[in-house]
Each structure stands twice: as C-alpha cells, then as structure tokens.
Amino acid sequence: MNPSDVVVTGIGMVTPLGATAAATGEAWRAGRCASRRTLPELAGTPMADAEAAVLPAFDARARLGGRRMLKFMSDAAVLGCLAAREASEGAALKQRFRPERVGLFAGTGLASSRFEDLAPTLRESIDETGQFSWRLAGERGLPATNPLLAFKLLANMPPCLVSILECAKGANLILTPWEGQTGAAIEQAWRAVAGGEVDAALAGAADYPAYPATVFHLRDRQALRDGEYAAPGAAYVVLERAESAARDGHRVHARLAAVEVAATDGPMHDPLAEQMGRTFAAAPAILLALACQEPRGTLCLCGVDRHEFRAEVKEPR
Amino acid sequence: MRRVAITGFGVVSPVGVGRAAFWDALRRGQSGIARITRFDCTTFAAHLAGEVKAMPALPERVAAVAAEDPKVGFAFAACTEALADAGVERLDADTLLHLGATLEILDPVKLIHNGRPDLRATILAYFRGEISGSQLPLDTATALVCEAFGRPRQALTNCSACAVGAQAIGHGFRSVRAGRFEAAICGGSDSLVNAHGIGGLQLLGALTTDNERGAHACRPFDAARRGTVLGEGAAVVVLEPLEKARAEGKRLLAEVCGYGSSMDAHSLSAPDPDGDGAARAMRAALDDAGLRPGQIAHINTHGTGTWLNDEVEAKAIRRVFDGAWERIPVSSTKSMTGHMIAAAGAVEVGACLLALLQGVMPPNPCLDKVAPRCELNHVTGQAAPFEGEYALTNSFAFGGQNATLVLRKADD
C-alpha cells in the first residue's frame, strides 16, 4: 500500500481557542490568543507569576451522552473523549467500519489531578504529631479515598475511555508523557493504516497540564519556559485509506503524506505556544488537526523529550 | 520482511535479579511472594507482594532516583543486563528504545505541612531545599538509559498498564522486522508495592486478602483464588535482525515471529466476559506469525489470579485453540512473581525464553484444584520438559488493552 494514500476524514479538537475543531481553527487562523489566568494556589511562591490557559465552556455530558462515564474521567480524559467523539462523528467511524478494524494510537500527558482529589486521603492519614502515617493511610485514608481515583491517575485511561466510547477495538499503542511520544503514536497510526493492519485509526492525545502542581513541576524542570503558559487541550483525527473514503463518498479533509519522529539536539519548538499555550502531549495532535483544515504543509514540532515530530499534510487528491 | 531475534535479556524480579537467578527460581517453582516490607501494611487488607529483595548495583545518579522510585532502578538494571547480554554498547540512530511503566510515584510525606495537606507549603519547602523534586514522570527510566547508553533515534515510553511490556516488545519487533531500526531495546518496569499501588488496587478489589497463604497466595486458575498479588521489577529484551545477529556470531535466545494487539472497548476494570478482545489479540499474533493455532506448543498466560480475568482468558484460549488446547501446556508464572504490571509482559517473554531455550516449562505451583471454567492443560507442581517450537504469551491490561506475542525456538 502507498503511505501517501492515508487520508484524514475526521477532526476533533478542544483547546483554549475553541471547544470544537471549527471554533479552534477559526480562532487560530484569525490570530486570536487564549485567555489565561494566574493560579491562586501558587501565590506567595517563586512561581506566583505562572499562568495557565482557560478553556471555553462546553457541555461534556450532552456531547458524550450521559454522566455515567464522566465519573471515571479525569479532566484530560473528558477533553480526549470530546475530541475523539467529534472526529469519530465527522468520519462516521461507527457507521463505516467494523470496530475490530479500528485502531487507537494515542499520547497522554503527565499524571495530573486536582490536589483536592488527593486531599481527603492525606487528611485522614495524618497522625497526632502532624506527620503522614502509613498505618493511618490504611486504616482511615483508604476508606476516605474515592475508589475511582485510580481511573483518573492511570495514564492509559483517557485513550481507553475513547476506545469504549468510540468502539475502537483494533490495534493500539499508548505513549506518554511528552510531545514526541504523541508524535510517535500518530506515526504508528499512519503506518498501521497504510499497511492494512487496521482500516481506520483514531490518532491523537489529550493533556491537562494546567493544575497548579503540574505547572510547578513543568516550570521546575524548565519544560515550561519563562513567558510560556500551560494549556489543557486535546485533538484526535481519523485516518483511513483514500480508497475507503472514495468508496463511501466520504469527505476527505487532507492527505497525510508522511509522518516521522526522531530524536534531535535542537531546541524545544512548539508553533502553538504563543497563541494557545503549551499543551505538551496534545500539541502534535492539535497541530496536525489544524493543518488538516488549513493551511496545509509540513509541520514541525520539538517537545520536552527532544523528539522532532514532522508531518506532511497535503490537499486531498 | 526480516526475521527478528532476541539477542539479549535482562530481568529484575521478585524471584531473582539477573537472568540466571530468575530462570533458576522459575524452573524450581519458587515463589517470590511474601509479606510486604516496603512500608507498614498492617492496616491494609492486602499484606503480600512480590518485592525485589535487593536493588541491583546502579550508577550513583540512577541510584538516587531509584531511592525515590524503585521502578527506575529496576528498568536501568534490566537494560544494562540485556545490552551486555547482546553485546550492544551504545544506542544510536539505528536504534529504538521502548520502555514503559504504569503510575507516577507520589510521596505523600512531602505534601503534609503543619499537620495538613498543603500544596503551597510543599512548593515553598522545595525552594528552601527541604524536600527533593516534585514529580518523576513515567519517562524517567527512558531518559536515564539514554543518558547512560546514548540517544537512539526514538526513545519511547509506553503506559499501557499491564500490557506495557508486551506492547513495547511487539512494537519493537514490528519496527525491526520492517527494517526501520537495526536494534530495538524494549521492555517494562514497575513497582506498585507502595501505599498508592496496594491501596488503589485494594480499593478496586483486585488484590487477594488471603494473607495467610503467604508465598502461595497468587493462584491463577485455582478454585481457591481470591485476587492477584502485586509484584515489582523489570525485564528488557534486545531485538535484532536475525540474519545480521547470526552473521555477527551472536547467540540467539529466541525469535519473535508474531504480535497482535486489540482493545476490549468494554469496561475500564473488567474484561469483556466473552473474551473477545483477548481472542482477537491471540488470533492477530498467530496470523502475524503465519501460524495455525495447533502449531503453538506452549502458552504463558496473563493469569493474574483474579476471579473474572482467569475465567475469561481460559475461555478465550479454548476458543482460539479449539481442538488443540488440551494438548498445549500452559504456564502461569505470576503465581511466583506476582503481577508485575508494566513489567509483566516482558518478564513473561523471559519465561517463554526459558521454555524454548532450556526445554523447561515453569509450573504454576499454586494450582491445587482447577476452578470451573478455567480448564486448560496447566503445568502444575513441578516444571515440565518441553520440546516444542513455538510459544505464545498473553498480556491483558486494565482499560481493555490486549497484547499477545509469539516466540519461536532459535534454530541455531
């Protein structure tokens, strides 16, 4: 099969620029920048000036069809599921492909959660001297813990929720936690579609690096440089071969002619950073999703893990 | 497409550190499961784990990180052994590194200040130098291996829970087979033997609380199984083009000849009760290897000792190997190592190597009475001799990811 015949037929995005692919793309092309805020939890620390992007309003319950699954979802998982749902619907994935032939190739970000999620466990585990006690953690901390917390902390859960909601049962690969890893997952999706391992693939990522504890970590390790700000975001695309899109008369957004990821000694470079902030693991997926709208061309991004993600996005034939 | 050989294997496990010790223990059916020593587990319901008894010797910088996050040290030690075993000195632009782990470590002690959880105070304490770093991402081991051995063209970190090891090896196998890389160093490491891991899995009802069974508490497919026991450690393989390795005079430990992955798309915590996803991963791996089910001579199961997983896996194996399953001996080595989560798949590739290379199938020493609906041709009691050509190993993850690998006996 010819790798240059891999096409994009579905695009989904939730970013600080917009809660859908169309809204994000429009804001991006208009040159608008994300709203951002300082983090009150960091006030009084040397990182008091740190900022994070703010997401636009969206109704996850309405878009994902009920709240039962939302109980299991971290904030990153919600974004990922929303983006994947939009891409899946755009490609009519469930209607056009057998679930067993739909792959899932995804990146996920750093383990991150609201500090408040952990606080009940910690509070119940403090002994009379004010110190953390393993004994009390077992006795009182665990019973105070939300049993669903594990589902929010395990890194593979956001993509696994996507697989459940979008009925993707085929080949899969989930990598973490930086940009290059998502790039490699997209590369693998492209190869799996081109090589016929799957008939279609959801490829993308979600990341929520905007919690105070995460921002602290990112600044501390200089993953987030002076003047940069963390941003939650997610994007998924649906890849398939041109022949299946033509067979079904389905709209093709773009052709994905090449994807490559390789280690580099070059500096970090994120073309999205100025307008929407650093979305880390989600960035290659967002960049690709934007380029599948326009303008197309060669994308290049180098992330915290010093891997360069390059993709060549062309007009449909 | 090229054939792909395993030319190096390194392991850190509850039953032994290093390939020789690991194989010796598995062959003897020796369990590494015992009461947890890593922290005071008295008030936890689960008291057992497969702990690595002593951290292998590590470079100073790695040892410092491993003191906070043992899985980083395990991964580094397993990589070091595997690379030495394969005679690979440096990673370069023709190399893929693909490791993985499950869960970032969080030290709760650092988060308590003045008798309460306080993020701002934690940050200030860090800036005063009173506590060390804030967060150890899952790619920490990957980064340290690159620092020590050189930068490969791709250094990847997999987070597919219990399928990490198998998925990393499967991806490496495909990449070398397709000619994209001349070597792939792949595996997984984990240590959830801490309050988060034990506590979290206890809350989900996955761990046995049958503490009095001690070393024999992890009982895959047994009628008296009550849940899994966590293990810890790492395993790493070096994959190279078979003909090239042979031409260089390298010892071939085994050939990887098939890989399949699938997703259940059913539930985050429970497998598809029909075993559909598991069966599809096995079939995909057999197809990839160009084999019929009857050509498989040995299976190392995922076999966690949890009620539903074992039943579903047994059902899936019987379905895929319809007409042949009664003839295929099955080992379940988590009975000895405990469930090493992200490391499990790579460790169980090591157990298949043992079977293929030494002609010995490890037993499931905890299987006294096969549970209803868990009927397979289990190797129980003692190790059994083995003369077959192909072995298959399963890994099924929390979240519904499934990965299966097929190995072939090296023919040199």
# chains A, B, ... in the order shown; residues from 1 in each chain; ligands from 1
>>> interface_residues(of="chain A", to="chain B", cutoff="7 Å", atoms="only C-alpha atoms", output="NGL selection string")
:A and (41-42 or 45 or 110-111 or 119 or 122-123 or 126 or 130-132 or 134-135 or 138-139 or 142 or 147 or 150 or 154-157 or 160 or 163-164 or 167-172 or 174-176 or 181 or 217 or 262-263)
>>> residues_around(residues="Ile286 of chain A", least_positions_apart="4", cutoff="10 Å", atoms="only C-alpha atoms", output="JSON, numbers by chain")
{"A": [11, 12, 13, 14, 15, 21, 24, 25, 204, 205, 206, 233, 234, 235, 236, 237, 272, 279, 281, 282, 290, 291, 292]}
>>> write_last_selection(atoms="N, CA and C atoms", output="CSV table (one decimal), in the first residue's frame")
chain,number,residue,atom,x,y,z
A,11,ILE,N,-11.9,15.2,12.2
A,11,ILE,CA,-11.1,16.1,13.0
A,11,ILE,C,-11.9,16.5,14.3
A,12,GLY,N,-11.2,16.4,15.4
A,12,GLY,CA,-11.9,16.8,16.7
A,12,GLY,C,-10.9,17.6,17.5
A,13,MET,N,-11.3,18.7,18.1
A,13,MET,CA,-10.4,19.4,19.0
A,13,MET,C,-11.2,20.1,20.1
A,14,VAL,N,-10.5,20.1,21.3
A,14,VAL,CA,-11.0,21.0,22.4
A,14,VAL,C,-9.7,21.7,22.9
A,15,THR,N,-9.6,23.0,22.7
A,15,THR,CA,-8.4,23.7,23.1
A,15,THR,C,-8.9,25.1,23.7
A,21,ALA,N,-13.5,21.6,16.7
A,21,ALA,CA,-12.4,21.8,15.7
A,21,ALA,C,-12.7,23.1,14.9
A,24,THR,N,-11.8,26.2,17.1
A,24,THR,CA,-10.4,26.3,17.3
A,24,THR,C,-9.7,26.8,16.0
A,25,GLY,N,-10.1,26.1,14.9
A,25,GLY,CA,-9.5,26.5,13.6
A,25,GLY,C,-9.7,28.0,13.3
A,204,GLY,N,-4.4,10.6,18.3
A,204,GLY,CA,-4.5,11.9,18.9
A,204,GLY,C,-4.0,11.8,20.4
A,205,ALA,N,-4.4,12.8,21.1
A,205,ALA,CA,-3.9,12.9,22.5
A,205,ALA,C,-4.7,14.0,23.3
A,206,ALA,N,-4.6,13.8,24.6
A,206,ALA,CA,-5.2,14.8,25.5
A,206,ALA,C,-4.2,15.1,26.6
A,233,GLY,N,-5.7,20.7,26.6
A,233,GLY,CA,-6.2,20.6,25.2
A,233,GLY,C,-6.2,19.1,24.7
A,234,ALA,N,-6.9,18.9,23.7
A,234,ALA,CA,-7.0,17.6,23.1
A,234,ALA,C,-7.3,17.7,21.6
A,235,ALA,N,-6.8,16.7,20.9
A,235,ALA,CA,-7.2,16.6,19.4
A,235,ALA,C,-7.1,15.2,19.0
A,236,TYR,N,-8.0,14.8,18.2
A,236,TYR,CA,-8.0,13.4,17.5
A,236,TYR,C,-8.3,13.6,16.1
A,237,VAL,N,-7.7,12.8,15.2
A,237,VAL,CA,-8.1,12.7,13.8
A,237,VAL,C,-8.4,11.3,13.5
A,272,LEU,N,2.4,26.2,18.5
A,272,LEU,CA,1.2,26.6,19.1
A,272,LEU,C,1.3,27.5,20.3
A,279,THR,N,0.5,22.8,25.2
A,279,THR,CA,-0.4,21.7,25.5
A,279,THR,C,0.3,20.4,25.6
A,281,ALA,N,1.6,17.0,25.6
A,281,ALA,CA,1.3,15.7,24.8
A,281,ALA,C,0.3,16.0,23.7
A,282,ALA,N,-0.6,16.9,23.9
A,282,ALA,CA,-1.6,17.1,22.9
A,282,ALA,C,-1.2,17.9,21.7
A,290,LEU,N,-5.1,21.1,13.1
A,290,LEU,CA,-5.2,22.4,12.5
A,290,LEU,C,-4.8,22.4,11.0
A,291,ALA,N,-3.7,21.7,10.8
A,291,ALA,CA,-3.2,21.6,9.4
A,291,ALA,C,-4.1,20.9,8.5
A,292,CYS,N,-4.9,20.0,9.0
A,292,CYS,CA,-5.8,19.2,8.2
A,292,CYS,C,-7.0,20.2,7.7
>>> residues_around(residues="Leu299 of chain A", least_positions_apart="3", cutoff="7 Å", atoms="only C-alpha atoms", output="PyMOL selection string")
chain A and resi 310-312
>>> residues_around(residues="Glu197 of chain A", least_positions_apart="4", cutoff="9 Å", atoms="only C-alpha atoms", output="list of chain:residue names")
A:Arg101, A:Gly103, A:Gly170, A:Ala171, A:Arg191, A:Ala192, A:Val193
>>> select_by_dssp(residues="segment 79-270 of chain A", states="strand (DSSP E)", output="number ranges by chain")
A: 102-108, 172-175, 200-207, 233-241, 254-263
>>> atom_distance(atom1="atom CA of Arg19 of chain B", atom2="atom CA of Asn309 of chain B")
28.4 Å
>>> atom_distance(atom1="atom CA of Ala278 of chain B", atom2="atom CA of Pro362 of chain B")
22.4 Å
>>> residues_around(residues="Leu55 of chain A", least_positions_apart="3", cutoff="10 Å", atoms="only C-alpha atoms", output="PDB file with C-alpha atoms, in the first residue's frame")
ATOM      1  CA  VAL A  14     -10.953  21.017  22.373  1.00  0.00           C
ATOM      2  CA  THR A  15      -8.435  23.747  23.068  1.00  0.00           C
ATOM      3  CA  PRO A  16      -8.244  27.096  24.818  1.00  0.00           C
ATOM      4  CA  LEU A  17      -9.108  28.616  21.430  1.00  0.00           C
ATOM      5  CA  GLY A  18     -12.335  26.702  20.989  1.00  0.00           C
ATOM      6  CA  ALA A  19     -14.413  23.752  22.148  1.00  0.00           C
ATOM      7  CA  ALA A  34      -6.119  32.029  24.540  1.00  0.00           C
ATOM      8  CA  SER A  35      -7.497  33.569  27.700  1.00  0.00           C
ATOM      9  CA  ARG A  36      -5.282  32.850  30.665  1.00  0.00           C
ATOM     10  CA  ALA A  52      -2.482  28.693  32.654  1.00  0.00           C
ATOM     11  CA  PHE A  58     -18.582  23.150  26.860  1.00  0.00           C
ATOM     12  CA  ALA A 231      -2.764  24.868  28.426  1.00  0.00           C
ATOM     13  CA  PRO A 232      -5.195  21.990  28.530  1.00  0.00           C
ATOM     14  CA  GLY A 233      -6.175  20.581  25.188  1.00  0.00           C
ATOM     15  CA  MET A 276      -2.849  28.754  22.809  1.00  0.00           C
TER      16      MET A 276
END
>>> atom_distance(atom1="atom CA of Asp310 of chain B", atom2="atom CA of Thr333 of chain B")
13.1 Å
>>> select_by_dssp(residues="segment 20-184 of chain A", states="helix (DSSP H, G or I)", output="VMD selection string")
chain A and resid 21 to 29 40 to 42 60 to 64 69 to 72 75 to 91 93 to 96 99 to 101 115 to 124 134 to 141 149 to 153 157 to 166 179 to 184
>>> residues_around(residues="Gly65 of chain A", least_positions_apart="4", cutoff="12 Å", atoms="only C-alpha atoms", output="ChimeraX atom specification")
/A:59-61,69-70,81-82,85,165-166
>>> residues_around(residues="Ser31 of chain B", least_positions_apart="5", cutoff="7 Å", atoms="only C-alpha atoms", output="PyMOL selection string")
chain B and resi 15+215+336-337
>>> closest_residue(among="B:Val229, B:Leu357, B:Ala54, B:Leu407", to="Asn300 of chain B", atoms="only C-alpha atoms")
B:Leu407
>>> decode(residues="segment 19-130 of chain A", atoms="C-alpha atoms", output="CSV table (one decimal), in the first residue's frame")
chain,number,residue,atom,x,y,z
A,19,ALA,CA,-14.4,23.8,22.1
A,20,THR,CA,-14.7,22.3,18.7
A,21,ALA,CA,-12.4,21.8,15.7
A,22,ALA,CA,-14.2,24.5,13.8
A,23,ALA,CA,-14.1,27.0,16.6
A,24,THR,CA,-10.4,26.3,17.3
A,25,GLY,CA,-9.5,26.5,13.6
A,26,GLU,CA,-11.3,29.8,13.1
A,27,ALA,CA,-9.7,31.4,16.2
A,28,TRP,CA,-6.3,30.0,15.2
A,29,ARG,CA,-6.5,31.4,11.6
A,30,ALA,CA,-7.7,34.7,12.9
A,31,GLY,CA,-4.7,35.0,15.2
A,32,ARG,CA,-6.6,35.1,18.4
A,33,CYS,CA,-4.9,34.1,21.6
A,34,ALA,CA,-6.1,32.0,24.5
A,35,SER,CA,-7.5,33.6,27.7
A,36,ARG,CA,-5.3,32.8,30.7
A,37,ARG,CA,-5.2,33.3,34.4
A,38,THR,CA,-2.7,33.2,37.2
A,39,LEU,CA,-3.0,30.3,39.7
A,40,PRO,CA,-4.0,31.4,43.2
A,41,GLU,CA,-2.5,28.3,44.7
A,42,LEU,CA,0.9,29.5,43.6
A,43,ALA,CA,0.6,32.9,45.1
A,44,GLY,CA,3.4,33.7,47.6
A,45,THR,CA,5.8,31.2,45.9
A,46,PRO,CA,8.6,32.0,43.5
A,47,MET,CA,6.1,30.8,40.7
A,48,ALA,CA,3.4,33.3,41.6
A,49,ASP,CA,3.6,34.7,38.0
A,50,ALA,CA,2.8,31.3,36.4
A,51,GLU,CA,-0.3,31.3,34.2
A,52,ALA,CA,-2.5,28.7,32.7
A,53,ALA,CA,-4.8,28.9,29.7
A,54,VAL,CA,-8.6,28.8,30.3
A,55,LEU,CA,-10.8,26.5,28.3
A,56,PRO,CA,-14.0,27.8,26.7
A,57,ALA,CA,-17.3,26.5,28.1
A,58,PHE,CA,-18.6,23.1,26.9
A,59,ASP,CA,-21.2,20.6,27.9
A,60,ALA,CA,-19.4,17.3,28.2
A,61,ARG,CA,-22.5,15.5,29.4
A,62,ALA,CA,-24.5,16.5,26.4
A,63,ARG,CA,-21.8,15.7,23.9
A,64,LEU,CA,-20.7,12.4,25.4
A,65,GLY,CA,-24.3,11.2,26.1
A,66,GLY,CA,-24.8,10.9,29.8
A,67,ARG,CA,-22.8,11.3,33.0
A,68,ARG,CA,-22.1,7.7,34.0
A,69,MET,CA,-18.8,7.5,32.2
A,70,LEU,CA,-17.9,11.0,33.3
A,71,LYS,CA,-17.5,9.7,36.8
A,72,PHE,CA,-14.5,7.7,35.7
A,73,MET,CA,-12.9,10.5,33.7
A,74,SER,CA,-10.1,12.8,34.6
A,75,ASP,CA,-10.2,16.3,33.1
A,76,ALA,CA,-7.8,15.1,30.4
A,77,ALA,CA,-10.0,12.1,29.7
A,78,VAL,CA,-13.0,14.4,29.2
A,79,LEU,CA,-11.1,16.5,26.7
A,80,GLY,CA,-9.8,13.5,24.9
A,81,CYS,CA,-13.2,11.9,24.7
A,82,LEU,CA,-14.8,15.1,23.4
A,83,ALA,CA,-12.2,15.5,20.7
A,84,ALA,CA,-12.4,11.8,19.7
A,85,ARG,CA,-16.2,11.9,19.6
A,86,GLU,CA,-16.1,14.9,17.2
A,87,ALA,CA,-13.5,13.2,15.0
A,88,SER,CA,-15.4,9.9,15.0
A,89,GLU,CA,-18.7,11.5,14.2
A,90,GLY,CA,-17.1,13.5,11.4
A,91,ALA,CA,-15.7,10.4,9.8
A,92,ALA,CA,-18.9,8.4,10.5
A,93,LEU,CA,-16.5,5.9,12.1
A,94,LYS,CA,-19.1,3.7,13.8
A,95,GLN,CA,-21.3,3.5,10.7
A,96,ARG,CA,-18.5,2.8,8.2
A,97,PHE,CA,-16.0,0.5,9.9
A,98,ARG,CA,-16.1,-2.7,11.9
A,99,PRO,CA,-14.9,-2.0,15.5
A,100,GLU,CA,-12.3,-4.7,15.2
A,101,ARG,CA,-10.7,-2.9,12.3
A,102,VAL,CA,-10.5,0.5,14.0
A,103,GLY,CA,-7.2,1.2,15.8
A,104,LEU,CA,-6.4,3.6,18.6
A,105,PHE,CA,-3.0,5.3,18.7
A,106,ALA,CA,-2.6,8.0,21.4
A,107,GLY,CA,-0.5,10.1,23.6
A,108,THR,CA,-1.2,11.0,27.2
A,109,GLY,CA,0.4,13.7,29.4
A,110,LEU,CA,1.9,13.7,32.9
A,111,ALA,CA,-0.2,12.1,35.7
A,112,SER,CA,-2.1,15.1,37.0
A,113,SER,CA,-5.1,15.6,39.1
A,114,ARG,CA,-6.7,18.2,41.2
A,115,PHE,CA,-4.9,18.4,44.6
A,116,GLU,CA,-8.3,18.2,46.2
A,117,ASP,CA,-8.8,14.7,44.8
A,118,LEU,CA,-5.9,13.6,47.0
A,119,ALA,CA,-6.6,15.7,50.0
A,120,PRO,CA,-9.2,13.5,51.7
A,121,THR,CA,-6.8,10.6,51.7
A,122,LEU,CA,-4.0,12.7,53.0
A,123,ARG,CA,-6.0,14.4,55.7
A,124,GLU,CA,-7.1,11.1,57.2
A,125,SER,CA,-3.6,9.8,57.2
A,126,ILE,CA,-2.0,12.4,59.4
A,127,ASP,CA,-1.1,11.3,62.9
A,128,GLU,CA,-1.2,13.2,66.2
A,129,THR,CA,2.3,14.6,65.5
A,130,GLY,CA,1.1,16.1,62.3
